[in-house]
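*Asks:* So I've got this file, start.cif, and it contains mmCIF, N, CA and C atoms:
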```
data_input
loop_
_atom_site.label_atom_id
_atom_site.label_comp_id
_atom_site.auth_asym_id
_atom_site.auth_seq_id
_atom_site.Cartn_x
_atom_site.Cartn_y
_atom_site.Cartn_z
N MET F 1 0.41 -3.89 -20.76
CA MET F 1 -0.86 -3.44 -20.23
C MET F 1 -0.65 -2.15 -19.43
N GLN F 2 -1.41 -1.16 -19.71
CA GLN F 2 -1.33 0.12 -19.01
C GLN F 2 -1.94 -0.02 -17.62
N GLN F 3 -1.24 0.49 -16.61
CA GLN F 3 -1.75 0.43 -15.25
C GLN F 3 -2.93 1.37 -15.10
N ARG F 4 -4.00 0.83 -14.52
CA ARG F 4 -5.17 1.65 -14.23
C ARG F 4 -4.89 2.47 -12.99
N THR F 5 -5.62 3.55 -12.84
CA THR F 5 -5.45 4.39 -11.67
C THR F 5 -6.75 5.15 -11.42
N SER F 6 -6.78 5.88 -10.34
CA SER F 6 -7.92 6.74 -10.02
C SER F 6 -7.35 8.01 -9.41
N PRO F 7 -8.11 9.10 -9.43
CA PRO F 7 -7.61 10.34 -8.81
C PRO F 7 -7.25 10.15 -7.33
N ALA F 8 -8.06 9.38 -6.60
CA ALA F 8 -7.78 9.16 -5.17
C ALA F 8 -6.49 8.37 -5.00
N MET F 9 -6.29 7.36 -5.84
CA MET F 9 -5.06 6.56 -5.77
C MET F 9 -3.84 7.41 -6.14
N GLU F 10 -3.98 8.25 -7.16
CA GLU F 10 -2.88 9.13 -7.55
C GLU F 10 -2.50 10.06 -6.41
N GLU F 11 -3.50 10.57 -5.68
CA GLU F 11 -3.23 11.46 -4.54
C GLU F 11 -2.43 10.73 -3.45
N VAL F 12 -2.82 9.49 -3.16
CA VAL F 12 -2.11 8.69 -2.15
C VAL F 12 -0.68 8.43 -2.61
N CYS F 13 -0.50 8.01 -3.85
CA CYS F 13 0.85 7.72 -4.38
C CYS F 13 1.72 8.97 -4.41
N ARG F 14 1.13 10.10 -4.74
CA ARG F 14 1.87 11.37 -4.76
C ARG F 14 2.36 11.69 -3.34
N ALA F 15 1.50 11.51 -2.35
CA ALA F 15 1.89 11.75 -0.96
C ALA F 15 3.03 10.81 -0.56
N LEU F 16 2.90 9.54 -0.90
CA LEU F 16 3.91 8.55 -0.50
C LEU F 16 5.25 8.77 -1.19
N SER F 17 5.25 9.45 -2.32
CA SER F 17 6.52 9.69 -3.03
C SER F 17 7.46 10.56 -2.21
N GLY F 18 6.94 11.27 -1.22
CA GLY F 18 7.77 12.09 -0.35
C GLY F 18 8.30 11.35 0.86
N LEU F 19 7.99 10.08 0.99
CA LEU F 19 8.40 9.27 2.14
C LEU F 19 9.89 8.96 2.06
N ARG F 20 10.64 9.36 3.05
CA ARG F 20 12.08 9.08 3.11
C ARG F 20 12.40 8.54 4.51
N LEU F 21 12.81 7.28 4.56
CA LEU F 21 13.10 6.63 5.83
C LEU F 21 14.38 5.83 5.75
N PRO F 22 15.09 5.67 6.87
CA PRO F 22 16.25 4.78 6.87
C PRO F 22 15.78 3.32 6.66
N PRO F 23 16.59 2.48 6.03
CA PRO F 23 16.18 1.10 5.74
C PRO F 23 15.92 0.22 6.95
N SER F 24 16.38 0.57 8.12
CA SER F 24 16.30 -0.33 9.27
C SER F 24 15.03 -0.16 10.12
N ARG F 25 14.04 0.50 9.62
CA ARG F 25 12.83 0.77 10.39
C ARG F 25 11.97 -0.48 10.59
N LEU F 26 11.27 -0.55 11.71
CA LEU F 26 10.27 -1.59 11.96
C LEU F 26 8.99 -1.24 11.23
N GLU F 27 8.13 -2.22 11.02
CA GLU F 27 6.87 -1.97 10.31
C GLU F 27 6.03 -0.93 11.05
N ALA F 28 6.05 -0.95 12.38
CA ALA F 28 5.29 0.04 13.16
C ALA F 28 5.82 1.45 12.91
N ASP F 29 7.14 1.59 12.76
CA ASP F 29 7.72 2.89 12.45
C ASP F 29 7.32 3.35 11.05
N LEU F 30 7.30 2.41 10.10
CA LEU F 30 6.86 2.74 8.74
C LEU F 30 5.42 3.22 8.75
N SER F 31 4.60 2.53 9.51
CA SER F 31 3.18 2.88 9.59
C SER F 31 2.99 4.29 10.15
N ALA F 32 3.72 4.61 11.19
CA ALA F 32 3.63 5.95 11.78
C ALA F 32 4.11 7.01 10.79
N ALA F 33 5.17 6.72 10.04
CA ALA F 33 5.68 7.66 9.05
C ALA F 33 4.68 7.86 7.91
N VAL F 34 4.03 6.78 7.50
CA VAL F 34 3.01 6.87 6.45
C VAL F 34 1.85 7.74 6.93
N ALA F 35 1.41 7.53 8.18
CA ALA F 35 0.32 8.34 8.73
C ALA F 35 0.70 9.82 8.72
N ARG F 36 1.94 10.12 9.12
CA ARG F 36 2.39 11.52 9.14
C ARG F 36 2.36 12.13 7.74
N ILE F 37 2.85 11.38 6.75
CA ILE F 37 2.92 11.95 5.40
C ILE F 37 1.53 12.09 4.80
N LEU F 38 0.61 11.18 5.14
CA LEU F 38 -0.77 11.32 4.66
C LEU F 38 -1.39 12.58 5.25
N GLU F 39 -1.18 12.79 6.55
CA GLU F 39 -1.72 13.98 7.21
C GLU F 39 -1.11 15.25 6.62
N GLU F 40 0.21 15.27 6.45
CA GLU F 40 0.89 16.45 5.90
C GLU F 40 0.41 16.76 4.48
N SER F 41 0.02 15.72 3.76
CA SER F 41 -0.44 15.89 2.37
C SER F 41 -1.94 16.13 2.27
N GLY F 42 -2.62 16.10 3.41
CA GLY F 42 -4.06 16.35 3.41
C GLY F 42 -4.90 15.19 2.92
N VAL F 43 -4.36 13.98 2.96
CA VAL F 43 -5.10 12.80 2.54
C VAL F 43 -5.89 12.26 3.74
N ALA F 44 -7.21 12.24 3.62
CA ALA F 44 -8.04 11.72 4.70
C ALA F 44 -7.92 10.19 4.74
N TYR F 45 -7.87 9.62 5.95
CA TYR F 45 -7.74 8.17 6.10
C TYR F 45 -8.29 7.72 7.44
N ARG F 46 -8.55 6.41 7.51
CA ARG F 46 -8.88 5.75 8.78
C ARG F 46 -7.86 4.64 8.97
N ALA F 47 -7.25 4.60 10.16
CA ALA F 47 -6.23 3.60 10.46
C ALA F 47 -6.87 2.31 10.97
N GLU F 48 -6.19 1.18 10.66
CA GLU F 48 -6.65 -0.14 11.12
C GLU F 48 -8.15 -0.29 10.89
N CYS F 49 -8.55 -0.05 9.67
CA CYS F 49 -9.96 0.02 9.31
C CYS F 49 -10.52 -1.35 8.93
N PRO F 50 -11.55 -1.82 9.65
CA PRO F 50 -12.19 -3.07 9.25
C PRO F 50 -12.97 -2.85 7.95
N ILE F 51 -12.71 -3.71 6.96
CA ILE F 51 -13.37 -3.55 5.66
C ILE F 51 -14.20 -4.78 5.29
N GLY F 52 -14.15 -5.79 6.12
CA GLY F 52 -14.92 -7.01 5.86
C GLY F 52 -14.61 -8.03 6.93
N PRO F 53 -15.30 -9.16 6.90
CA PRO F 53 -15.05 -10.21 7.89
C PRO F 53 -13.59 -10.67 7.83
N GLY F 54 -12.88 -10.51 8.93
CA GLY F 54 -11.49 -10.92 9.01
C GLY F 54 -10.53 -10.05 8.21
N CYS F 55 -10.99 -8.89 7.77
CA CYS F 55 -10.15 -7.98 6.96
C CYS F 55 -10.03 -6.63 7.65
N ARG F 56 -8.81 -6.28 8.00
CA ARG F 56 -8.53 -4.97 8.60
C ARG F 56 -7.32 -4.40 7.88
N VAL F 57 -7.55 -3.38 7.06
CA VAL F 57 -6.48 -2.77 6.28
C VAL F 57 -5.75 -1.73 7.13
N ASP F 58 -4.46 -1.56 6.88
CA ASP F 58 -3.67 -0.59 7.67
C ASP F 58 -4.29 0.80 7.59
N TYR F 59 -4.61 1.24 6.37
CA TYR F 59 -5.26 2.55 6.18
C TYR F 59 -6.28 2.44 5.06
N LEU F 60 -7.46 2.98 5.30
CA LEU F 60 -8.43 3.15 4.23
C LEU F 60 -8.51 4.64 3.97
N CYS F 61 -8.01 5.04 2.82
CA CYS F 61 -7.92 6.46 2.46
C CYS F 61 -9.17 6.91 1.73
N ALA F 62 -9.32 8.22 1.64
CA ALA F 62 -10.46 8.81 0.93
C ALA F 62 -10.56 8.21 -0.46
N GLY F 63 -11.79 8.03 -0.91
CA GLY F 63 -12.02 7.46 -2.23
C GLY F 63 -11.94 5.94 -2.25
N GLY F 64 -11.81 5.31 -1.07
CA GLY F 64 -11.78 3.86 -0.99
C GLY F 64 -10.44 3.23 -1.32
N VAL F 65 -9.36 3.99 -1.20
CA VAL F 65 -8.03 3.45 -1.48
C VAL F 65 -7.49 2.73 -0.24
N ALA F 66 -7.34 1.41 -0.37
CA ALA F 66 -6.76 0.61 0.72
C ALA F 66 -5.25 0.75 0.64
N LEU F 67 -4.63 1.01 1.78
CA LEU F 67 -3.18 1.19 1.85
C LEU F 67 -2.64 0.19 2.87
N GLU F 68 -1.82 -0.73 2.40
CA GLU F 68 -1.26 -1.77 3.26
C GLU F 68 0.26 -1.61 3.30
N ILE F 69 0.83 -1.79 4.50
CA ILE F 69 2.27 -1.64 4.70
C ILE F 69 2.86 -2.99 5.08
N LYS F 70 3.88 -3.40 4.33
CA LYS F 70 4.58 -4.65 4.61
C LYS F 70 6.07 -4.42 4.41
N ARG F 71 6.83 -4.66 5.44
CA ARG F 71 8.29 -4.57 5.26
C ARG F 71 8.74 -5.65 4.30
N ARG F 72 8.28 -6.86 4.53
CA ARG F 72 8.65 -7.99 3.70
C ARG F 72 7.39 -8.59 3.08
N ALA F 73 7.08 -8.18 1.90
CA ALA F 73 5.90 -8.69 1.20
C ALA F 73 6.23 -10.09 0.64
N THR F 74 5.28 -11.01 0.80
CA THR F 74 5.47 -12.39 0.36
C THR F 74 4.26 -12.83 -0.47
N ARG F 75 4.26 -14.09 -0.86
CA ARG F 75 3.10 -14.63 -1.57
C ARG F 75 1.86 -14.59 -0.69
N GLN F 76 2.03 -14.77 0.61
CA GLN F 76 0.89 -14.66 1.53
C GLN F 76 0.30 -13.25 1.48
N THR F 77 1.16 -12.28 1.26
CA THR F 77 0.68 -10.91 1.14
C THR F 77 -0.30 -10.79 -0.02
N LEU F 78 -0.02 -11.48 -1.13
CA LEU F 78 -0.92 -11.44 -2.29
C LEU F 78 -2.30 -11.95 -1.92
N CYS F 79 -2.36 -13.03 -1.14
CA CYS F 79 -3.66 -13.56 -0.70
C CYS F 79 -4.40 -12.55 0.16
N GLN F 80 -3.67 -11.90 1.06
CA GLN F 80 -4.27 -10.88 1.92
C GLN F 80 -4.81 -9.72 1.09
N LEU F 81 -4.03 -9.25 0.13
CA LEU F 81 -4.45 -8.13 -0.71
C LEU F 81 -5.65 -8.50 -1.57
N ARG F 82 -5.69 -9.74 -2.03
CA ARG F 82 -6.83 -10.21 -2.83
C ARG F 82 -8.12 -10.15 -1.99
N ARG F 83 -8.02 -10.53 -0.72
CA ARG F 83 -9.19 -10.44 0.17
C ARG F 83 -9.64 -8.99 0.32
N TYR F 84 -8.69 -8.09 0.47
CA TYR F 84 -9.03 -6.68 0.61
C TYR F 84 -9.73 -6.17 -0.64
N LEU F 85 -9.22 -6.54 -1.80
CA LEU F 85 -9.80 -6.07 -3.06
C LEU F 85 -11.19 -6.62 -3.30
N ALA F 86 -11.54 -7.72 -2.64
CA ALA F 86 -12.88 -8.30 -2.77
C ALA F 86 -13.92 -7.51 -1.98
N CYS F 87 -13.47 -6.64 -1.09
CA CYS F 87 -14.38 -5.85 -0.27
C CYS F 87 -14.94 -4.68 -1.10
N PRO F 88 -16.26 -4.50 -1.06
CA PRO F 88 -16.88 -3.50 -1.93
C PRO F 88 -16.43 -2.05 -1.70
N GLN F 89 -16.07 -1.69 -0.47
CA GLN F 89 -15.67 -0.30 -0.22
C GLN F 89 -14.25 0.01 -0.69
N VAL F 90 -13.49 -1.03 -1.09
CA VAL F 90 -12.14 -0.82 -1.61
C VAL F 90 -12.23 -0.61 -3.12
N THR F 91 -11.81 0.56 -3.58
CA THR F 91 -11.86 0.89 -5.01
C THR F 91 -10.49 0.78 -5.67
N ALA F 92 -9.44 0.81 -4.86
CA ALA F 92 -8.06 0.72 -5.36
C ALA F 92 -7.18 0.28 -4.19
N LEU F 93 -5.97 -0.17 -4.52
CA LEU F 93 -5.08 -0.65 -3.47
C LEU F 93 -3.66 -0.18 -3.72
N VAL F 94 -3.00 0.27 -2.65
CA VAL F 94 -1.59 0.65 -2.71
C VAL F 94 -0.86 -0.14 -1.63
N LEU F 95 0.17 -0.86 -2.05
CA LEU F 95 1.03 -1.60 -1.13
C LEU F 95 2.32 -0.82 -0.97
N VAL F 96 2.71 -0.58 0.29
CA VAL F 96 4.01 0.02 0.59
C VAL F 96 4.87 -1.12 1.13
N ALA F 97 5.96 -1.43 0.42
CA ALA F 97 6.81 -2.55 0.80
C ALA F 97 8.27 -2.18 0.61
N GLU F 98 9.14 -2.90 1.31
CA GLU F 98 10.57 -2.63 1.19
C GLU F 98 11.04 -2.85 -0.24
N ARG F 99 10.62 -3.95 -0.83
CA ARG F 99 10.95 -4.26 -2.23
C ARG F 99 9.68 -4.26 -3.06
N THR F 100 9.82 -4.01 -4.33
CA THR F 100 8.68 -4.03 -5.23
C THR F 100 8.12 -5.43 -5.32
N LEU F 101 6.81 -5.54 -5.23
CA LEU F 101 6.10 -6.80 -5.42
C LEU F 101 5.17 -6.60 -6.60
N ASP F 102 5.24 -7.49 -7.56
CA ASP F 102 4.38 -7.38 -8.75
C ASP F 102 2.96 -7.76 -8.36
N ILE F 103 2.10 -6.76 -8.27
CA ILE F 103 0.70 -7.01 -7.92
C ILE F 103 -0.23 -6.75 -9.10
N SER F 104 0.36 -6.69 -10.29
CA SER F 104 -0.45 -6.43 -11.49
C SER F 104 -1.49 -7.52 -11.73
N MET F 105 -1.18 -8.75 -11.32
CA MET F 105 -2.16 -9.83 -11.50
C MET F 105 -3.42 -9.58 -10.67
N LEU F 106 -3.26 -8.94 -9.52
CA LEU F 106 -4.44 -8.62 -8.70
C LEU F 106 -5.33 -7.62 -9.42
N GLU F 107 -4.70 -6.67 -10.09
CA GLU F 107 -5.45 -5.68 -10.86
C GLU F 107 -6.21 -6.35 -11.99
N ARG F 108 -5.53 -7.27 -12.68
CA ARG F 108 -6.20 -7.98 -13.78
C ARG F 108 -7.34 -8.85 -13.26
N GLN F 109 -7.15 -9.48 -12.11
CA GLN F 109 -8.17 -10.38 -11.56
C GLN F 109 -9.39 -9.64 -11.02
N THR F 110 -9.17 -8.47 -10.43
CA THR F 110 -10.26 -7.76 -9.75
C THR F 110 -10.80 -6.57 -10.54
N GLY F 111 -10.04 -6.07 -11.49
CA GLY F 111 -10.44 -4.88 -12.23
C GLY F 111 -10.27 -3.60 -11.43
N LYS F 112 -9.64 -3.69 -10.27
CA LYS F 112 -9.41 -2.50 -9.43
C LYS F 112 -7.95 -2.09 -9.54
N PRO F 113 -7.68 -0.79 -9.61
CA PRO F 113 -6.29 -0.32 -9.73
C PRO F 113 -5.44 -0.72 -8.52
N CYS F 114 -4.22 -1.14 -8.79
CA CYS F 114 -3.28 -1.56 -7.75
C CYS F 114 -1.91 -0.96 -8.05
N ALA F 115 -1.18 -0.59 -6.99
CA ALA F 115 0.18 -0.08 -7.15
C ALA F 115 1.02 -0.51 -5.97
N CYS F 116 2.31 -0.69 -6.22
CA CYS F 116 3.26 -1.00 -5.15
C CYS F 116 4.26 0.14 -5.09
N VAL F 117 4.40 0.72 -3.91
CA VAL F 117 5.39 1.77 -3.67
C VAL F 117 6.56 1.10 -2.95
N SER F 118 7.70 1.05 -3.64
CA SER F 118 8.88 0.38 -3.11
C SER F 118 9.69 1.35 -2.26
N LEU F 119 9.93 0.98 -1.01
CA LEU F 119 10.76 1.82 -0.15
C LEU F 119 12.19 1.87 -0.67
N ARG F 120 12.67 0.76 -1.23
CA ARG F 120 14.04 0.77 -1.77
C ARG F 120 14.16 1.77 -2.91
N ALA F 121 13.15 1.86 -3.75
CA ALA F 121 13.20 2.83 -4.83
C ALA F 121 13.22 4.25 -4.26
N LEU F 122 12.44 4.48 -3.19
CA LEU F 122 12.44 5.80 -2.56
C LEU F 122 13.79 6.09 -1.89
N TRP F 123 14.46 5.00 -1.43
CA TRP F 123 15.79 5.18 -0.81
C TRP F 123 16.86 5.42 -1.86
N GLY F 124 16.51 5.15 -3.14
CA GLY F 124 17.49 5.29 -4.21
C GLY F 124 18.34 4.06 -4.40
N VAL F 125 17.90 2.92 -3.88
CA VAL F 125 18.61 1.66 -4.04
C VAL F 125 18.05 0.94 -5.25
N ALA F 126 18.90 0.57 -6.20
CA ALA F 126 18.43 -0.05 -7.44
C ALA F 126 18.55 -1.57 -7.37
N ILE F 127 17.86 -2.17 -6.41
CA ILE F 127 17.85 -3.63 -6.27
C ILE F 127 16.43 -4.09 -6.51
N GLY F 128 16.21 -5.03 -7.40
CA GLY F 128 14.87 -5.52 -7.73
C GLY F 128 14.41 -6.42 -6.72
#
```
Step by step, read the file and then write its structure as structure tokens.

*Replies:*
Amino acid sequence: MQQRTSPAMEEVCRALSGLRLPPSRLEADLSAAVARILEESGVAYRAECPIGPGCRVDYLCAGGVALEIKRRATRQTLCQLRRYLACPQVTALVLVAERTLDISMLERQTGKPCACVSLRALWGVAIG
């Protein structure tokens, strides 16, 4: 199945591809680095943005792209992302995580484009 995308999501992913951080960072440090790279890339965003009852996404970027940062993504993360995707103002979702998490099922379930940006891949570490 071909991954769906949108111009706004592509812009966010392009900006994140320049993210280079040491592996030992805290989630708060990752979040600050993501904010810096979004700003440097000219991607408009709102931080800690409420998108629905009990839903506050780390960043809501221009075009409705929800951006969530998790050092350690788990199955609970999938439930959280599913709630975000149910919100009408979210048109696409990008997860930034230390390891790749397969979120393609969320895309199939919601019809909204989803992508995971692996920090390990950006670090050049080839561990699945």

*Asks:* With distances taken over only C-alpha atoms, which residue among F:Ala32, F:Ala66, F:Val12, F:Val117 lies nearest Arg82 of chain F?

*Replies:*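 Counting only C-alpha atoms, the residue closest to Arg82 of chain F is F:Ala66.
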
*Asks:* Can you work out which one of F:Ser31, F:Ser17, F:Ser41, F:Gln89 has the shortest atom-to-atom distance to Ile69 of chain F, counting only N, CA and C atoms?

*Replies:* F:Ser31

*Asks:* One decimal, Å: what's the distance from atom N of Ser104 of chain F over to atom N of Val65 of chain F, could you say?

*Replies:*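 Spanning atom N of Ser104 of chain F to atom N of Val65 of chain F is a straight-line distance of 17.1 Å.
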
*Asks:* I need the residues in chain F that are helix (DSSP H, G or I) according to DSSP; give them as a ChimeraX atom specification.

*Replies:* /F:7-16,27-40,62-64,75-85,104-110,119-123

*Asks:* Can you list, as JSON, numbers by chain, every protein, DNA or RNA residue that comes within 6.5 Å of Leu67 of chain F when you count all atoms listed in the file, leaving out same-chain residues fewer than 6 positions away?

*Replies:* {"F": [57, 58, 59, 60, 61, 93, 94, 95, 96]}

*Asks:* Which is closer to Tyr84 of chain F than all the others in F:Cys116, F:Arg71, F:Cys55, F:Arg20, using all atoms listed in the file?

*Replies:* F:Cys55

*Asks:* Write out as AutoDock Vina command-line options an axis-aligned box for segment 108-121 of chain F: all of its atoms listed in the file, 6 Å added on each side, centre and edge lengths in Å with one decimal.

*Replies:*
```
--center_x 1.7 --center_y -3.1 --center_z -7.0 --size_x 37.0 --size_y 26.6 --size_z 25.6
```

*Asks:* Which residue is closest to Arg56 of chain F? Choose from F:Arg83, F:Lys112, F:Lys70, F:Arg120 and count only C-alpha atoms.

*Replies:* F:Arg83

*Asks:* If DSSP is run on the backbone, what residues of chain F are strand (DSSP E)? A reply as a PyMOL selection string would be ideal.

*Replies:* chain F and resi 45-52+55-61+65-70+92-97+114-118

*Asks:* Can you work out which one of F:Leu19, F:Ala86, F:Leu26, F:Ala47 has the shortest atom-to-atom distance to Thr110 of chain F, counting only N, CA and C atoms?

*Replies:*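 Comparing F:Leu19, F:Ala86, F:Leu26, F:Ala47 against Thr110 of chain F, the winner is F:Ala86.
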
*Asks:* Give the answer as one residue: which of F:Ala115, F:Arg36, F:Leu106, F:Tyr45 has the shortest atom-to-atom distance to Leu78 of chain F, using all atoms listed in the file?

*Replies:*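 With all atoms listed in the file as the atom set, the closest residue is F:Leu106.
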
*Asks:* Applied to the shown file, which residues does the PyMOL selection byres ((chain F and resi 101) around 7) return, written as a ChimeraX atom specification?

*Replies:* /F:73,97,99-100,102-104,116-118
